[in-house]
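A.B. asks: Dropping in upload32.cif, which is mmCIF, C-alpha atoms:
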```cif
data_data
loop_
_atom_site.label_atom_id
_atom_site.label_comp_id
_atom_site.auth_asym_id
_atom_site.auth_seq_id
_atom_site.Cartn_x
_atom_site.Cartn_y
_atom_site.Cartn_z
CA MET A 1 0.00 0.00 0.00
CA LYS A 2 1.38 3.37 -0.97
CA ILE A 3 0.74 5.87 1.81
CA ALA A 4 1.12 9.65 1.86
CA HIS A 5 1.38 11.36 5.23
CA LEU A 6 0.28 14.97 5.67
CA SER A 7 0.25 17.08 8.79
CA ASP A 8 -0.04 20.67 9.91
CA LEU A 9 -1.85 22.02 6.87
CA HIS A 10 -3.16 24.93 8.98
CA ILE A 11 -5.73 25.77 6.31
CA GLY A 12 -7.01 29.31 6.81
CA LYS A 13 -3.82 30.62 8.37
CA LYS A 14 -3.10 34.34 8.25
CA VAL A 15 0.31 35.85 8.93
CA ASN A 16 0.39 39.49 10.00
CA GLY A 17 -3.03 39.95 8.44
CA PHE A 18 -1.96 38.35 5.13
CA ASP A 19 -4.31 35.55 4.08
CA LEU A 20 -2.45 32.44 2.89
CA ILE A 21 -5.52 30.74 1.40
CA GLU A 22 -4.39 31.09 -2.23
CA ASP A 23 -0.95 29.72 -1.36
CA GLN A 24 -2.64 26.85 0.43
CA ARG A 25 -4.92 26.22 -2.55
CA TYR A 26 -1.80 26.01 -4.76
CA ILE A 27 0.13 23.67 -2.45
CA LEU A 28 -2.87 21.34 -1.99
CA SER A 29 -3.12 21.14 -5.78
CA GLU A 30 0.58 20.27 -5.93
CA ILE A 31 0.13 17.63 -3.23
CA LEU A 32 -2.75 16.15 -5.19
CA ASP A 33 -0.54 15.97 -8.31
CA VAL A 34 2.18 14.12 -6.37
CA ILE A 35 -0.38 11.71 -4.92
CA LYS A 36 -1.73 10.97 -8.40
CA LYS A 37 1.75 10.63 -9.93
CA HIS A 38 2.85 8.10 -7.31
CA LYS A 39 -0.48 6.25 -7.28
CA VAL A 40 -0.96 6.70 -3.55
CA GLU A 41 -3.73 4.49 -2.16
CA THR A 42 -4.10 5.93 1.35
CA VAL A 43 -3.59 9.45 2.68
CA LEU A 44 -2.99 9.96 6.40
CA MET A 45 -3.61 13.46 7.78
CA ALA A 46 -2.20 13.85 11.27
CA GLY A 47 -3.85 16.91 12.69
CA ASP A 48 -3.87 20.68 12.49
CA ILE A 49 -5.98 20.51 9.37
CA TYR A 50 -7.19 24.02 10.16
CA ASP A 51 -5.30 26.84 11.82
CA VAL A 52 -8.06 27.63 14.30
CA THR A 53 -10.82 25.66 16.03
CA MET A 54 -13.50 27.68 14.20
CA PRO A 55 -12.20 27.86 10.62
CA SER A 56 -13.57 30.28 8.08
CA ALA A 57 -16.04 29.19 5.43
CA VAL A 58 -13.29 29.66 2.83
CA ALA A 59 -10.94 27.33 4.75
CA VAL A 60 -13.65 24.68 5.13
CA SER A 61 -14.51 24.95 1.44
CA LEU A 62 -10.86 24.54 0.41
CA PHE A 63 -10.48 21.42 2.55
CA ASP A 64 -13.78 20.06 1.19
CA ASP A 65 -12.48 20.56 -2.36
CA PHE A 66 -9.22 18.78 -1.48
CA LEU A 67 -11.06 15.80 0.03
CA THR A 68 -13.38 15.64 -2.96
CA GLN A 69 -10.43 15.52 -5.36
CA LEU A 70 -8.77 12.77 -3.31
CA ARG A 71 -11.96 10.70 -3.33
CA LYS A 72 -12.23 11.05 -7.12
CA GLU A 73 -8.92 9.17 -7.19
CA ASN A 74 -10.46 6.39 -5.04
CA ILE A 75 -8.04 7.08 -2.19
CA ASN A 76 -8.61 6.04 1.41
CA ILE A 77 -8.39 9.06 3.70
CA LEU A 78 -7.72 8.89 7.44
CA ILE A 79 -7.76 12.08 9.52
CA THR A 80 -7.06 12.89 13.15
CA SER A 81 -7.44 16.22 14.86
CA GLY A 82 -4.53 18.30 16.10
CA ASN A 83 -4.23 20.87 18.85
CA HIS A 84 -5.41 23.63 16.47
CA ASP A 85 -8.52 21.70 15.41
CA SER A 86 -11.86 21.25 17.09
CA VAL A 87 -12.31 17.48 17.05
CA GLU A 88 -16.09 17.92 17.19
CA ARG A 89 -16.16 20.25 14.17
CA LEU A 90 -13.57 18.28 12.19
CA SER A 91 -15.39 14.99 12.75
CA PHE A 92 -18.76 16.35 11.64
CA ALA A 93 -20.48 13.73 9.46
CA SER A 94 -17.68 11.23 10.10
CA GLU A 95 -20.05 8.26 10.14
CA ILE A 96 -21.47 9.18 6.74
CA LEU A 97 -18.03 9.99 5.34
CA SER A 98 -16.64 6.62 6.45
CA GLN A 99 -18.98 5.04 3.89
CA SER A 100 -16.85 6.84 1.29
CA ASN A 101 -13.55 5.68 2.84
CA ILE A 102 -12.97 9.01 4.58
CA TYR A 103 -12.28 8.21 8.23
CA ILE A 104 -12.12 11.08 10.72
CA SER A 105 -11.35 10.42 14.37
CA ASN A 106 -14.01 11.46 16.82
CA ARG A 107 -13.46 12.73 20.34
CA TYR A 108 -11.55 10.19 22.44
CA GLU A 109 -14.06 8.33 24.61
CA GLY A 110 -11.97 5.55 26.11
CA ILE A 111 -11.54 3.45 22.98
CA LEU A 112 -9.06 4.06 20.20
CA GLU A 113 -10.76 4.04 16.81
CA LYS A 114 -9.52 1.35 14.45
CA VAL A 115 -9.83 1.34 10.68
CA VAL A 116 -8.80 -1.80 8.78
CA ILE A 117 -7.77 -1.49 5.14
CA GLU A 118 -6.74 -4.40 2.96
CA ASP A 119 -3.97 -4.27 0.39
CA ASP A 120 -2.18 -6.89 -1.71
CA TYR A 121 -0.36 -8.19 1.38
CA GLY A 122 -3.32 -8.44 3.74
CA LEU A 123 -4.83 -6.23 6.39
CA VAL A 124 -3.41 -3.02 7.83
CA ASN A 125 -4.80 -1.77 11.15
CA PHE A 126 -4.87 2.00 11.47
CA TYR A 127 -5.51 3.41 14.94
CA LEU A 128 -6.84 6.97 14.96
CA LEU A 129 -5.91 8.98 18.03
CA PRO A 130 -7.29 12.52 18.07
CA TYR A 131 -5.33 15.18 19.90
CA ILE A 132 -5.81 14.57 23.62
CA LYS A 133 -4.81 16.14 26.91
CA PRO A 134 -4.14 14.09 30.05
CA ILE A 135 -7.36 15.29 31.68
CA MET A 136 -9.34 13.88 28.74
CA VAL A 137 -7.89 10.40 29.38
CA ARG A 138 -7.93 10.19 33.20
CA GLU A 139 -11.64 9.42 33.47
CA TYR A 140 -11.23 6.26 31.39
CA PHE A 141 -8.34 4.91 33.45
CA PRO A 142 -9.14 5.72 37.10
CA ASP A 143 -6.60 3.18 38.39
CA LYS A 144 -3.68 4.73 36.52
CA GLU A 145 -1.67 7.82 37.32
CA ILE A 146 -2.09 10.16 34.37
CA GLN A 147 -0.44 13.50 35.04
CA ASN A 148 1.24 14.18 31.69
CA TYR A 149 0.98 13.46 27.97
CA ASP A 150 3.34 10.48 28.09
CA GLN A 151 1.27 8.77 30.78
CA ALA A 152 -1.95 9.49 28.89
CA ILE A 153 -0.62 8.04 25.65
CA GLN A 154 0.88 5.06 27.47
CA ALA A 155 -2.48 4.27 29.09
CA ILE A 156 -4.25 4.45 25.73
CA LEU A 157 -1.67 2.29 23.96
CA GLU A 158 -1.63 -0.32 26.74
CA ASP A 159 -5.41 -0.61 26.36
CA ILE A 160 -5.20 -1.65 22.69
CA ASP A 161 -5.67 -5.35 22.00
CA LEU A 162 -2.77 -5.24 19.55
CA ASP A 163 -1.78 -8.22 17.46
CA LYS A 164 1.94 -7.67 16.91
CA ASP A 165 1.93 -10.18 14.06
CA GLU A 166 -0.25 -7.80 12.05
CA ARG A 167 0.66 -4.49 10.45
CA ASN A 168 -0.37 -1.68 12.78
CA ILE A 169 -0.12 2.08 12.29
CA ILE A 170 -1.15 4.76 14.76
CA LEU A 171 -2.12 8.16 13.39
CA SER A 172 -1.86 11.01 15.84
CA HIS A 173 -0.87 14.63 16.33
CA GLN A 174 0.39 14.62 19.86
CA PHE A 175 2.92 15.94 22.36
CA ILE A 176 5.02 12.94 23.36
CA TYR A 177 8.44 13.17 24.99
#
```
Represent the structure contained in this file as structure tokens.

C.D. replies:
Amino acid sequence: MKIAHLSDLHIGKKVNGFDLIEDQRYILSEILDVIKKHKVETVLMAGDIYDVTMPSAVAVSLFDDFLTQLRKENINILITSGNHDSVERLSFASEILSQSNIYISNRYEGILEKVVIEDDYGLVNFYLLPYIKPIMVREYFPDKEIQNYDQAIQAILEDIDLDKDERNIILSHQFIY
């Protein structure tokens, strides 16, 4: 399976009042060309899709156009939120979108989301971990000490029923030391 990994798109970013949306439109078009050229089958987007938790309509429209173009190429798309994203806004319509092979992580609620995609060599397990803070994880592991990001991630990873004989990939945008 050919995989492309994207992160920190920060769609809608402005620098000193200068709107970067046209530059972002250009670079997303270039990324799409590279993905087509290399016949990528799966695109992983690891957070900070948008620059702010409440992106502008223009930013949302640009990302929608990008996703639409990827789907026209029959590409699997897996997305997790980053610290700049609102997981609730980003994951809007995620259940419906998953029917089109666009998988967007929802808010972490004690279980790591798993997406299984098959390629010529068998199954690949993708685990989608949205951006989390330790306080968001503590309630699900009351018997564990979770005071920092490392402890939070460790608790989540230890909770996965992971088959180490299979191919496993975790997709996350996270502070880990």

A.B. asks: Once the PyMOL selection byres ((chain A and resi 60-62) around 9) is applied to the coordinates I shared, what remains selected? I want it as a PyMOL selection string.

C.D. replies: chain A and resi 11-12+21+24-25+28+50+55-59+63-67

A.B. asks: Between CA of Asp48 (chain A) and CA of Leu171 (chain A), what is the distance, to one decimal in Å?

C.D. replies: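 We find that CA of Asp48 (chain A) and CA of Leu171 (chain A) lie 12.7 Å from each other.
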
A.B. asks: What are the centre and edge lengths in Å, to one decimal, of the axis-aligned box around all listed atoms of region 8-22 of chain A with 4 Å added on each side, as lines of an AutoDock Vina configuration file?

C.D. replies:
```
center_x = -3.3
center_y = 30.3
center_z = 3.9
size_x = 15.4
size_y = 27.3
size_z = 20.2
```

A.B. asks: Quick one: residues within 12 Å of (-6.2, 6.0, 33.7) (file frame), counting only C-alpha atoms, please, as a ChimeraX atom specification.

C.D. replies: /A:110,134-159

A.B. asks: Compare A:Ile75, A:Val15, A:Val116, A:Ile49 by their minimum atom-to-atom distance to Ile170 (chain A), counting all atoms listed in the file, and give me the closest one.

C.D. replies: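 For Ile170 (chain A), the nearest of the candidates is A:Val116.
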
A.B. asks: Can you pull out the residues contacting Lys2 (chain A)? Cut-off 10 Å, using all atoms listed in the file, and skip same-chain residues under 6 positions away; I want them as a VMD selection string.

C.D. replies: chain A and resid 35 38 to 43 119

A.B. asks: Please produce a file of those selected residues containing C-alpha atoms, as a JSON list (two decimals), keeping the file's coordinate frame.

C.D. replies:
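And here's out-v2.json as it stands now:
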```json
[["chain", "number", "residue", "atom", "x", "y", "z"],
["A", 35, "ILE", "CA", -0.38, 11.71, -4.92],
["A", 38, "HIS", "CA", 2.85, 8.10, -7.31],
["A", 39, "LYS", "CA", -0.48, 6.25, -7.28],
["A", 40, "VAL", "CA", -0.96, 6.70, -3.55],
["A", 41, "GLU", "CA", -3.73, 4.49, -2.16],
["A", 42, "THR", "CA", -4.10, 5.93, 1.35],
["A", 43, "VAL", "CA", -3.59, 9.45, 2.68],
["A", 119, "ASP", "CA", -3.97, -4.27, 0.39]]
```

A.B. asks: Find the residues near Gly47 (chain A): any atom within 7 Å, counting only C-alpha atoms, skip ones fewer than 6 places away on the same chain, and give them as a list in words.

C.D. replies: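 Returned residues: Ser7, Asp8, Ile79, Thr80, Ser81, Gly82, Ser172 and His173 of chain A.
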
A.B. asks: Any chance you can output those residues with C-alpha atoms as a short mmCIF file (atom, residue, chain, number, x, y, z; two decimals), in the frame of the given file?

C.D. replies:
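Ended up saving to part_8.cif:
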```
data_model
loop_
_atom_site.label_atom_id
_atom_site.label_comp_id
_atom_site.auth_asym_id
_atom_site.auth_seq_id
_atom_site.Cartn_x
_atom_site.Cartn_y
_atom_site.Cartn_z
CA SER A 7 0.25 17.08 8.79
CA ASP A 8 -0.04 20.67 9.91
CA ILE A 79 -7.76 12.08 9.52
CA THR A 80 -7.06 12.89 13.15
CA SER A 81 -7.44 16.22 14.86
CA GLY A 82 -4.53 18.30 16.10
CA SER A 172 -1.86 11.01 15.84
CA HIS A 173 -0.87 14.63 16.33
#
```

A.B. asks: Let me make sure I understand: among A:Asp120, A:Glu113, A:Asp33, A:Asp51, which one has the smallest atom-to-atom distance to Ile169 (chain A) if we use only C-alpha atoms?

C.D. replies: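 Among A:Asp120, A:Glu113, A:Asp33, A:Asp51, it is A:Glu113 that comes nearest to Ile169 (chain A).
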
A.B. asks: Which value, in Å to one decimal, gives the distance between CA of Val115 (chain A) and CA of Ser98 (chain A)?

C.D. replies: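 Atom-to-atom, CA of Val115 (chain A) and CA of Ser98 (chain A) are spaced 9.6 Å apart.
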
A.B. asks: Suppose you want the space between CA of Glu118 (chain A) and CA of Leu70 (chain A); what is it in Å?

C.D. replies: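 We find that CA of Glu118 (chain A) and CA of Leu70 (chain A) lie 18.4 Å from each other.
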
A.B. asks: Identify which of the residues A:Ile132, A:Val87, A:Ile176, A:Leu112 lies closest to Ile160 (chain A), counting all atoms listed in the file when measuring atom-to-atom distances.

C.D. replies: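 Looking at the shortest contact to Ile160 (chain A), the residue is A:Leu112.
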